[in-house]
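Next up, data-v9.cif (mmCIF, N, CA and C atoms and all ligand atoms):
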```
data_entry
loop_
_atom_site.label_atom_id
_atom_site.label_comp_id
_atom_site.auth_asym_id
_atom_site.auth_seq_id
_atom_site.Cartn_x
_atom_site.Cartn_y
_atom_site.Cartn_z
N MET A 1 71.64 -63.79 57.76
CA MET A 1 71.53 -65.15 58.32
C MET A 1 70.06 -65.50 58.53
N SER A 2 69.63 -66.69 58.09
CA SER A 2 68.26 -67.14 58.32
C SER A 2 68.20 -68.00 59.58
N THR A 3 67.07 -67.91 60.23
CA THR A 3 66.87 -68.78 61.41
C THR A 3 65.63 -69.63 61.18
N LEU A 4 65.50 -70.67 61.98
CA LEU A 4 64.37 -71.58 61.83
C LEU A 4 63.05 -70.87 62.10
N PRO A 5 61.94 -71.33 61.48
CA PRO A 5 60.62 -70.72 61.73
C PRO A 5 60.28 -70.75 63.22
N ASP A 6 59.45 -69.79 63.61
CA ASP A 6 59.10 -69.64 65.02
C ASP A 6 57.88 -70.51 65.35
N GLN A 7 58.00 -71.80 65.11
CA GLN A 7 56.94 -72.74 65.47
C GLN A 7 57.61 -74.09 65.75
N HIS A 8 56.92 -74.94 66.47
CA HIS A 8 57.51 -76.24 66.76
C HIS A 8 57.53 -77.08 65.48
N PRO A 9 58.63 -77.77 65.18
CA PRO A 9 58.64 -78.66 64.02
C PRO A 9 57.75 -79.86 64.29
N THR A 10 57.16 -80.37 63.23
CA THR A 10 56.37 -81.61 63.36
C THR A 10 57.32 -82.80 63.50
N ILE A 11 58.46 -82.71 62.81
CA ILE A 11 59.49 -83.75 62.88
C ILE A 11 60.85 -83.06 62.89
N ARG A 12 61.76 -83.55 63.72
CA ARG A 12 63.16 -83.07 63.67
C ARG A 12 64.05 -84.30 63.76
N VAL A 13 65.00 -84.39 62.83
CA VAL A 13 65.80 -85.60 62.72
C VAL A 13 67.19 -85.25 62.19
N THR A 14 68.18 -86.06 62.51
CA THR A 14 69.53 -85.86 61.97
C THR A 14 69.70 -86.72 60.72
N ALA A 15 70.15 -86.10 59.63
CA ALA A 15 70.39 -86.84 58.38
C ALA A 15 71.66 -87.69 58.53
N MET A 16 71.53 -88.97 58.30
CA MET A 16 72.61 -89.92 58.57
C MET A 16 73.23 -90.43 57.26
N PRO A 17 74.43 -91.00 57.33
CA PRO A 17 75.07 -91.52 56.10
C PRO A 17 74.19 -92.52 55.36
N SER A 18 73.40 -93.30 56.08
CA SER A 18 72.52 -94.28 55.42
C SER A 18 71.40 -93.61 54.61
N ASP A 19 71.21 -92.29 54.78
CA ASP A 19 70.17 -91.56 54.04
C ASP A 19 70.73 -90.89 52.79
N ALA A 20 72.01 -91.14 52.49
CA ALA A 20 72.68 -90.42 51.39
C ALA A 20 72.43 -91.07 50.03
N ASN A 21 72.59 -90.23 48.99
CA ASN A 21 72.53 -90.72 47.60
C ASN A 21 73.94 -91.17 47.19
N PRO A 22 74.12 -91.67 45.96
CA PRO A 22 75.44 -92.17 45.56
C PRO A 22 76.53 -91.10 45.55
N TYR A 23 76.15 -89.81 45.63
CA TYR A 23 77.14 -88.73 45.62
C TYR A 23 77.53 -88.29 47.03
N GLY A 24 76.88 -88.87 48.03
CA GLY A 24 77.25 -88.55 49.40
C GLY A 24 76.39 -87.49 50.06
N ASP A 25 75.48 -86.87 49.29
CA ASP A 25 74.53 -85.93 49.90
C ASP A 25 73.21 -86.67 50.16
N ILE A 26 72.29 -85.98 50.80
CA ILE A 26 71.07 -86.68 51.21
C ILE A 26 70.14 -86.93 50.02
N PHE A 27 69.60 -88.13 49.98
CA PHE A 27 68.71 -88.61 48.92
C PHE A 27 67.37 -87.87 49.00
N GLY A 28 66.92 -87.33 47.86
CA GLY A 28 65.67 -86.58 47.84
C GLY A 28 64.48 -87.42 48.31
N GLY A 29 64.51 -88.70 48.00
CA GLY A 29 63.40 -89.57 48.40
C GLY A 29 63.30 -89.70 49.91
N TRP A 30 64.44 -89.66 50.58
CA TRP A 30 64.43 -89.70 52.05
C TRP A 30 63.73 -88.45 52.59
N LEU A 31 64.10 -87.30 52.01
CA LEU A 31 63.51 -86.05 52.49
C LEU A 31 62.01 -86.02 52.20
N MET A 32 61.61 -86.48 51.02
CA MET A 32 60.17 -86.57 50.70
C MET A 32 59.47 -87.46 51.72
N GLY A 33 60.13 -88.55 52.11
CA GLY A 33 59.54 -89.46 53.08
C GLY A 33 59.32 -88.79 54.42
N GLN A 34 60.31 -87.99 54.86
CA GLN A 34 60.15 -87.27 56.13
C GLN A 34 58.98 -86.29 56.04
N MET A 35 58.85 -85.64 54.88
CA MET A 35 57.76 -84.66 54.69
C MET A 35 56.42 -85.37 54.67
N ASP A 36 56.37 -86.54 54.04
CA ASP A 36 55.14 -87.34 54.00
C ASP A 36 54.75 -87.79 55.41
N LEU A 37 55.76 -88.19 56.19
CA LEU A 37 55.50 -88.60 57.58
C LEU A 37 54.91 -87.44 58.39
N ALA A 38 55.50 -86.26 58.22
CA ALA A 38 55.03 -85.09 58.97
C ALA A 38 53.60 -84.73 58.58
N ALA A 39 53.34 -84.72 57.26
CA ALA A 39 51.99 -84.39 56.80
C ALA A 39 50.99 -85.45 57.27
N GLY A 40 51.41 -86.70 57.24
CA GLY A 40 50.52 -87.79 57.68
C GLY A 40 50.18 -87.69 59.16
N SER A 41 51.14 -87.23 59.93
CA SER A 41 50.89 -87.06 61.36
C SER A 41 49.80 -86.00 61.58
N VAL A 42 49.90 -84.90 60.84
CA VAL A 42 48.89 -83.83 60.95
C VAL A 42 47.52 -84.35 60.47
N ALA A 43 47.52 -85.08 59.35
CA ALA A 43 46.25 -85.57 58.78
C ALA A 43 45.58 -86.59 59.69
N SER A 44 46.35 -87.50 60.25
CA SER A 44 45.75 -88.51 61.12
C SER A 44 45.22 -87.88 62.40
N ARG A 45 45.98 -86.90 62.90
CA ARG A 45 45.54 -86.22 64.12
C ARG A 45 44.25 -85.44 63.87
N HIS A 46 44.21 -84.70 62.76
CA HIS A 46 43.01 -83.90 62.49
C HIS A 46 41.79 -84.79 62.23
N SER A 47 41.99 -85.85 61.49
CA SER A 47 40.84 -86.69 61.09
C SER A 47 40.51 -87.75 62.14
N GLY A 48 41.38 -87.90 63.14
CA GLY A 48 41.10 -88.86 64.21
C GLY A 48 41.14 -90.31 63.75
N GLY A 49 42.01 -90.60 62.79
CA GLY A 49 42.12 -91.99 62.32
C GLY A 49 43.03 -92.11 61.13
N ARG A 50 42.85 -93.20 60.43
CA ARG A 50 43.70 -93.52 59.28
C ARG A 50 43.57 -92.44 58.19
N ALA A 51 44.72 -92.06 57.61
CA ALA A 51 44.72 -91.12 56.48
C ALA A 51 45.89 -91.48 55.57
N VAL A 52 45.67 -91.41 54.26
CA VAL A 52 46.70 -91.82 53.31
C VAL A 52 47.00 -90.71 52.31
N THR A 53 48.22 -90.70 51.80
CA THR A 53 48.64 -89.71 50.80
C THR A 53 47.94 -89.99 49.48
N ILE A 54 47.31 -88.96 48.90
CA ILE A 54 46.79 -89.14 47.54
C ILE A 54 47.58 -88.30 46.54
N ALA A 55 48.22 -87.21 47.00
CA ALA A 55 49.01 -86.38 46.08
C ALA A 55 50.05 -85.57 46.83
N ALA A 56 51.14 -85.28 46.12
CA ALA A 56 52.16 -84.34 46.60
C ALA A 56 52.39 -83.36 45.47
N GLU A 57 52.17 -82.09 45.75
CA GLU A 57 52.15 -81.09 44.67
C GLU A 57 53.24 -80.04 44.88
N GLY A 58 53.82 -79.60 43.78
CA GLY A 58 54.69 -78.43 43.80
C GLY A 58 55.98 -78.60 44.55
N MET A 59 56.49 -79.83 44.59
CA MET A 59 57.72 -80.04 45.34
C MET A 59 58.92 -79.50 44.58
N LYS A 60 59.74 -78.70 45.27
CA LYS A 60 60.98 -78.22 44.66
C LYS A 60 62.09 -78.32 45.69
N PHE A 61 63.23 -78.84 45.25
CA PHE A 61 64.40 -78.92 46.12
C PHE A 61 65.27 -77.69 45.84
N HIS A 62 65.31 -76.77 46.79
CA HIS A 62 66.04 -75.51 46.59
C HIS A 62 67.54 -75.65 46.85
N ALA A 63 67.89 -76.52 47.81
CA ALA A 63 69.29 -76.64 48.23
C ALA A 63 69.52 -78.05 48.77
N PRO A 64 70.76 -78.53 48.70
CA PRO A 64 71.02 -79.88 49.19
C PRO A 64 71.01 -79.96 50.72
N VAL A 65 70.73 -81.16 51.21
CA VAL A 65 70.88 -81.49 52.63
C VAL A 65 72.13 -82.36 52.73
N LEU A 66 72.98 -82.08 53.73
CA LEU A 66 74.24 -82.80 53.87
C LEU A 66 74.17 -83.77 55.05
N VAL A 67 74.96 -84.81 54.96
CA VAL A 67 75.04 -85.78 56.06
C VAL A 67 75.42 -85.04 57.35
N GLY A 68 74.69 -85.31 58.42
CA GLY A 68 74.94 -84.66 59.71
C GLY A 68 74.06 -83.45 59.96
N ASP A 69 73.39 -82.93 58.91
CA ASP A 69 72.50 -81.79 59.12
C ASP A 69 71.34 -82.17 60.03
N GLU A 70 70.89 -81.19 60.79
CA GLU A 70 69.62 -81.34 61.53
C GLU A 70 68.51 -80.89 60.57
N VAL A 71 67.55 -81.77 60.33
CA VAL A 71 66.45 -81.48 59.41
C VAL A 71 65.17 -81.28 60.22
N SER A 72 64.54 -80.13 60.02
CA SER A 72 63.28 -79.82 60.71
C SER A 72 62.18 -79.73 59.68
N VAL A 73 61.08 -80.42 59.93
CA VAL A 73 59.96 -80.43 58.99
C VAL A 73 58.74 -79.81 59.66
N TYR A 74 58.17 -78.81 58.99
CA TYR A 74 57.03 -78.07 59.52
C TYR A 74 55.82 -78.38 58.64
N ALA A 75 54.77 -78.91 59.23
CA ALA A 75 53.57 -79.31 58.48
C ALA A 75 52.37 -78.56 59.04
N THR A 76 51.64 -77.88 58.16
CA THR A 76 50.52 -77.05 58.59
C THR A 76 49.28 -77.39 57.76
N LEU A 77 48.19 -77.68 58.44
CA LEU A 77 46.92 -77.94 57.74
C LEU A 77 46.40 -76.62 57.18
N VAL A 78 46.18 -76.58 55.86
CA VAL A 78 45.73 -75.32 55.25
C VAL A 78 44.34 -75.42 54.63
N ARG A 79 43.87 -76.64 54.39
CA ARG A 79 42.53 -76.79 53.78
C ARG A 79 41.95 -78.13 54.15
N VAL A 80 40.63 -78.12 54.40
CA VAL A 80 39.91 -79.38 54.63
C VAL A 80 38.76 -79.43 53.65
N GLY A 81 38.66 -80.54 52.93
CA GLY A 81 37.54 -80.75 52.02
C GLY A 81 36.53 -81.66 52.66
N ASN A 82 35.87 -82.47 51.84
CA ASN A 82 34.91 -83.44 52.38
C ASN A 82 35.63 -84.62 53.03
N THR A 83 36.54 -85.23 52.24
CA THR A 83 37.32 -86.36 52.77
C THR A 83 38.82 -86.07 52.73
N SER A 84 39.22 -84.95 52.13
CA SER A 84 40.64 -84.67 51.94
C SER A 84 41.14 -83.55 52.86
N MET A 85 42.44 -83.56 53.07
CA MET A 85 43.11 -82.52 53.86
C MET A 85 44.37 -82.11 53.11
N THR A 86 44.58 -80.80 52.99
CA THR A 86 45.78 -80.29 52.33
C THR A 86 46.72 -79.74 53.39
N ILE A 87 47.97 -80.20 53.31
CA ILE A 87 48.96 -79.84 54.33
C ILE A 87 50.17 -79.23 53.64
N GLU A 88 50.47 -78.01 54.05
CA GLU A 88 51.65 -77.31 53.52
C GLU A 88 52.86 -77.76 54.33
N VAL A 89 53.90 -78.20 53.65
CA VAL A 89 55.06 -78.74 54.36
C VAL A 89 56.34 -78.03 53.90
N GLU A 90 57.15 -77.63 54.86
CA GLU A 90 58.48 -77.06 54.58
C GLU A 90 59.53 -77.90 55.30
N ALA A 91 60.67 -78.10 54.64
CA ALA A 91 61.80 -78.77 55.29
C ALA A 91 62.97 -77.78 55.35
N TRP A 92 63.59 -77.70 56.50
CA TRP A 92 64.73 -76.79 56.73
C TRP A 92 65.94 -77.61 57.17
N ARG A 93 67.12 -77.13 56.80
CA ARG A 93 68.35 -77.76 57.28
C ARG A 93 69.13 -76.77 58.14
N ARG A 94 69.80 -77.32 59.13
CA ARG A 94 70.73 -76.52 59.93
C ARG A 94 71.99 -77.36 60.06
N ALA A 95 73.12 -76.79 59.67
CA ALA A 95 74.39 -77.52 59.83
C ALA A 95 74.60 -77.78 61.32
N ARG A 96 75.04 -78.97 61.59
CA ARG A 96 75.13 -79.49 62.95
C ARG A 96 75.78 -78.54 63.96
N HIS A 97 76.79 -77.79 63.53
CA HIS A 97 77.56 -76.96 64.47
C HIS A 97 77.27 -75.48 64.31
N MET A 98 76.20 -75.12 63.60
CA MET A 98 75.96 -73.71 63.30
C MET A 98 74.52 -73.33 63.59
N GLU A 99 74.25 -72.02 63.67
CA GLU A 99 72.90 -71.53 63.94
C GLU A 99 72.14 -71.23 62.65
N ASP A 100 72.87 -70.90 61.58
CA ASP A 100 72.24 -70.52 60.32
C ASP A 100 71.38 -71.66 59.77
N ALA A 101 70.18 -71.34 59.31
CA ALA A 101 69.27 -72.38 58.80
C ALA A 101 68.78 -71.99 57.41
N THR A 102 68.46 -72.99 56.60
CA THR A 102 68.04 -72.75 55.22
C THR A 102 66.82 -73.61 54.90
N LYS A 103 65.81 -73.00 54.26
CA LYS A 103 64.68 -73.80 53.77
C LYS A 103 65.13 -74.54 52.53
N VAL A 104 65.02 -75.86 52.54
CA VAL A 104 65.53 -76.64 51.41
C VAL A 104 64.41 -77.15 50.49
N THR A 105 63.24 -77.36 51.03
CA THR A 105 62.16 -77.95 50.23
C THR A 105 60.81 -77.50 50.77
N GLN A 106 59.84 -77.40 49.86
CA GLN A 106 58.46 -77.19 50.29
C GLN A 106 57.54 -77.91 49.32
N ALA A 107 56.37 -78.27 49.79
CA ALA A 107 55.38 -78.95 48.94
C ALA A 107 54.04 -78.96 49.67
N ARG A 108 52.99 -79.25 48.89
CA ARG A 108 51.65 -79.43 49.44
C ARG A 108 51.30 -80.89 49.34
N PHE A 109 50.98 -81.49 50.45
CA PHE A 109 50.55 -82.88 50.46
C PHE A 109 49.04 -82.93 50.64
N VAL A 110 48.39 -83.79 49.87
CA VAL A 110 46.95 -84.01 50.05
C VAL A 110 46.76 -85.42 50.59
N PHE A 111 46.06 -85.50 51.70
CA PHE A 111 45.74 -86.77 52.33
C PHE A 111 44.23 -87.00 52.27
N VAL A 112 43.84 -88.25 52.23
CA VAL A 112 42.42 -88.62 52.31
C VAL A 112 42.23 -89.48 53.55
N ALA A 113 41.24 -89.13 54.35
CA ALA A 113 40.90 -89.95 55.51
C ALA A 113 40.18 -91.19 55.02
N THR A 114 40.56 -92.33 55.54
CA THR A 114 39.94 -93.58 55.09
C THR A 114 39.41 -94.38 56.28
N ASP A 115 38.44 -95.25 55.96
CA ASP A 115 37.84 -96.08 57.00
C ASP A 115 38.52 -97.46 57.04
N LYS A 116 37.95 -98.36 57.79
CA LYS A 116 38.59 -99.67 57.96
C LYS A 116 38.61 -100.47 56.65
N ASP A 117 37.75 -100.09 55.70
CA ASP A 117 37.75 -100.76 54.39
C ASP A 117 38.58 -100.00 53.36
N ARG A 118 39.35 -99.00 53.84
CA ARG A 118 40.21 -98.17 52.98
C ARG A 118 39.41 -97.31 52.01
N LYS A 119 38.17 -96.99 52.39
CA LYS A 119 37.34 -96.09 51.58
C LYS A 119 37.36 -94.70 52.22
N PRO A 120 37.23 -93.64 51.39
CA PRO A 120 37.25 -92.29 51.95
C PRO A 120 36.14 -92.08 52.98
N ARG A 121 36.48 -91.34 54.03
CA ARG A 121 35.48 -90.98 55.04
C ARG A 121 35.53 -89.46 55.26
N THR A 122 34.43 -88.92 55.77
CA THR A 122 34.33 -87.48 55.97
C THR A 122 35.24 -87.02 57.11
N VAL A 123 35.84 -85.85 56.93
CA VAL A 123 36.72 -85.31 57.99
C VAL A 123 36.06 -84.10 58.63
N PRO A 124 36.40 -83.82 59.90
CA PRO A 124 35.85 -82.63 60.57
C PRO A 124 36.35 -81.35 59.92
N PRO A 125 35.60 -80.25 60.06
CA PRO A 125 36.08 -78.97 59.51
C PRO A 125 37.31 -78.49 60.26
N MET A 126 38.00 -77.51 59.67
CA MET A 126 39.16 -76.93 60.35
C MET A 126 38.72 -76.20 61.60
N ASP A 127 39.52 -76.29 62.63
CA ASP A 127 39.26 -75.58 63.88
C ASP A 127 40.22 -74.39 63.94
N PRO A 128 39.70 -73.16 63.76
CA PRO A 128 40.61 -72.00 63.72
C PRO A 128 41.43 -71.87 65.00
N ALA A 129 40.93 -72.40 66.11
CA ALA A 129 41.68 -72.30 67.37
C ALA A 129 42.90 -73.21 67.35
N LYS A 130 42.82 -74.29 66.58
CA LYS A 130 43.92 -75.26 66.56
C LYS A 130 44.85 -75.07 65.38
N ASN A 131 44.33 -74.55 64.25
CA ASN A 131 45.12 -74.54 63.02
C ASN A 131 45.60 -73.14 62.65
C1 LIG B 201 50.38 -96.74 46.43
C2 LIG B 201 50.85 -96.23 47.71
O1 LIG B 201 51.16 -96.93 48.64
S1 LIG B 201 50.96 -94.52 47.83
C3 LIG B 201 51.14 -94.17 49.51
C4 LIG B 201 49.93 -94.36 50.33
N1 LIG B 201 48.73 -93.89 49.65
C5 LIG B 201 47.80 -94.79 49.28
O2 LIG B 201 47.91 -95.98 49.44
C6 LIG B 201 46.57 -94.18 48.67
C7 LIG B 201 46.11 -94.97 47.43
N2 LIG B 201 44.85 -94.41 46.94
C8 LIG B 201 43.66 -94.85 47.40
O3 LIG B 201 43.56 -95.82 48.15
C9 LIG B 201 42.43 -94.10 46.92
O4 LIG B 201 42.81 -93.18 45.91
C10 LIG B 201 41.76 -93.32 48.11
C11 LIG B 201 41.01 -94.28 49.02
C12 LIG B 201 42.80 -92.53 48.92
C13 LIG B 201 40.77 -92.27 47.58
O5 LIG B 201 39.83 -92.92 46.79
P1 LIG B 201 39.39 -92.23 45.39
O6 LIG B 201 38.16 -92.95 44.93
O7 LIG B 201 40.59 -92.19 44.51
O8 LIG B 201 39.06 -90.76 45.87
P2 LIG B 201 37.93 -89.75 45.48
O9 LIG B 201 37.88 -89.56 44.00
O10 LIG B 201 36.67 -90.11 46.21
O11 LIG B 201 38.53 -88.42 46.12
C14 LIG B 201 38.76 -88.33 47.52
C15 LIG B 201 39.29 -86.94 47.81
O12 LIG B 201 40.61 -86.83 47.28
C16 LIG B 201 40.68 -85.69 46.41
N3 LIG B 201 41.58 -86.00 45.31
C17 LIG B 201 41.46 -87.02 44.43
N4 LIG B 201 42.49 -87.00 43.57
C18 LIG B 201 43.29 -85.97 43.93
C19 LIG B 201 44.50 -85.41 43.41
N5 LIG B 201 45.12 -85.93 42.35
N6 LIG B 201 45.02 -84.32 44.02
C20 LIG B 201 44.42 -83.77 45.10
N7 LIG B 201 43.26 -84.25 45.64
C21 LIG B 201 42.71 -85.33 45.04
C22 LIG B 201 39.25 -85.48 45.93
O13 LIG B 201 39.05 -84.14 45.51
C23 LIG B 201 38.48 -85.83 47.18
O14 LIG B 201 38.51 -84.74 48.09
P3 LIG B 201 37.19 -84.23 48.89
O15 LIG B 201 36.42 -85.44 49.35
O16 LIG B 201 37.74 -83.45 50.03
O17 LIG B 201 36.40 -83.41 47.94
#
```

Full structure transcribed into structure tokens:
Amino acid sequence: MSTLPDQHPTIRVTAMPSDANPYGDIFGGWLMGQMDLAAGSVASRHSGGRAVTIAAEGMKFHAPVLVGDEVSVYATLVRVGNTSMTIEVEAWRRARHMEDATKVTQARFVFVATDKDRKPRTVPPMDPAKN
């Protein structure tokens, strides 16, 4: 039996019928959106301002998410460049009435910090105490 990672999720949400695809399971685009939200939260917090997605790399859907599942998204800053931040993101599902949990998706999101004119701006280095 797998259990959820031993860290606080960046986002935890219940998958609802309105998030389903035409077959009744959860739409991959919805899950990507949750992962993008989680990564964006980390990027905006680290950079202290606006940050936008420039790339999502290596996304693979290992298992389906079902309506009613609790979805936990874990986002971790793994690299900081000059204006970019790379965030490793995992999504896990737990059936509503059970303890067993499964990693369903993972990907690397790259965000760029931008200024008020939507141009790239420099980001602070990683803080080993925080990351
Ligand atoms: C269309 C949408 O709504 S998508 C969702 C929301 N996202 C957006 O709106 C972003 C749209 N894109 C943009 O506005 C622009 O691309 C910007 C402002 C983010 C970046 O401007 P650009 O001139 O393209 O970026 P630039 O070439 O200077 O690169 C910026 C950083 O991104 C990195 N980068 C650029 N392309 C990629 C890529 N394909 N993959 C990973 N990193 C990349 C660069 O290496 C650089 O990192 P560094 O400064 O840490 O070395």

*Hey, which residues come within 6 Å of ligand LIG 201 (chain B) if we count only N, CA and C atoms and all ligand atoms? Could you give them as a PyMOL selection string?*
chain A and resi 52-55+80-85+110+112+118-120

*Among the residues A:Ser2, A:Val42, A:Lys103, A:Met98, the one that comes closest to Ala63 (chain A) [using all atoms listed in the file]*: A:Lys103

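From atom N of Glu99 (chain A) back to atom C of Ser41 (chain A), the distance works out to 28.2 Å.
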
*Nearest-residue call for Gln34 (chain A), choices A:Thr102, A:Thr114, A:Thr14, A:Thr122, using only C-alpha atoms*: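 So, comparing all the options, the nearest one is A:Thr14.
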
At a cut-off of 5 Å, using all atoms listed in the file, what residues contact region 25-27 of chain A? Leave out same-chain residues fewer than 4 positions from it and give the result as a short mmCIF file (atom, residue, chain, number, x, y, z; two decimals) with N, CA and C atoms, in the coordinates of the input.
```cif
data_model
loop_
_atom_site.label_atom_id
_atom_site.label_comp_id
_atom_site.auth_asym_id
_atom_site.auth_seq_id
_atom_site.Cartn_x
_atom_site.Cartn_y
_atom_site.Cartn_z
N ASP A 19 71.21 -92.29 54.78
CA ASP A 19 70.17 -91.56 54.04
C ASP A 19 70.73 -90.89 52.79
N ALA A 20 72.01 -91.14 52.49
CA ALA A 20 72.68 -90.42 51.39
C ALA A 20 72.43 -91.07 50.03
N ASN A 21 72.59 -90.23 48.99
CA ASN A 21 72.53 -90.72 47.60
C ASN A 21 73.94 -91.17 47.19
N LEU A 31 64.10 -87.30 52.01
CA LEU A 31 63.51 -86.05 52.49
C LEU A 31 62.01 -86.02 52.20
N VAL A 65 70.73 -81.16 51.21
CA VAL A 65 70.88 -81.49 52.63
C VAL A 65 72.13 -82.36 52.73
N LEU A 66 72.98 -82.08 53.73
CA LEU A 66 74.24 -82.80 53.87
C LEU A 66 74.17 -83.77 55.05
#
```

_I'd like the contact shell of Arg93 (chain A) - 7 Å cut-off, all atoms listed in the file, skipping same-chain residues fewer than 6 positions apart - returned as a list in words._
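Residues meeting the cut-off are Val65, Asp69, Glu70, Val71, Ser72, Asp100, Ala101, Thr102, Lys103, Val104 and Thr105 of chain A.
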
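Between CA of Trp30 (chain A) and atom N of Ser47 (chain A) the separation is 24.6 Å.
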
*If you run DSSP on the backbone, which residues of chain A are strand (DSSP E or B), as a ChimeraX atom specification?*
/A:11-14,20,25-26,51-61,66,70-80,84-94,101-114,120

*Select from region 2-110 of chain A everything DSSP, run on the backbone, classes as alpha helix (DSSP H), then give the selection as an MDAnalysis selection string.*
chainID A and resid 28:47

*List the neighbours of region 10-12 of chain A out to 7 Å using only C-alpha atoms; skip same-chain residues closer than 2 positions along the sequence, and give me the result as a PyMOL selection string.*
chain A and resi 8+38+71-75

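Counting all atoms listed in the file and comparing A:Ala113, A:Ala129, A:Met35, A:Ala15, the residue that lies closest to Ala91 (chain A) is A:Met35.
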
*Which distance in Å separates CA of Met16 (chain A) and atom N of Pro64 (chain A), to one decimal?*
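Rounded to one decimal, the two atoms are 15.2 Å apart.
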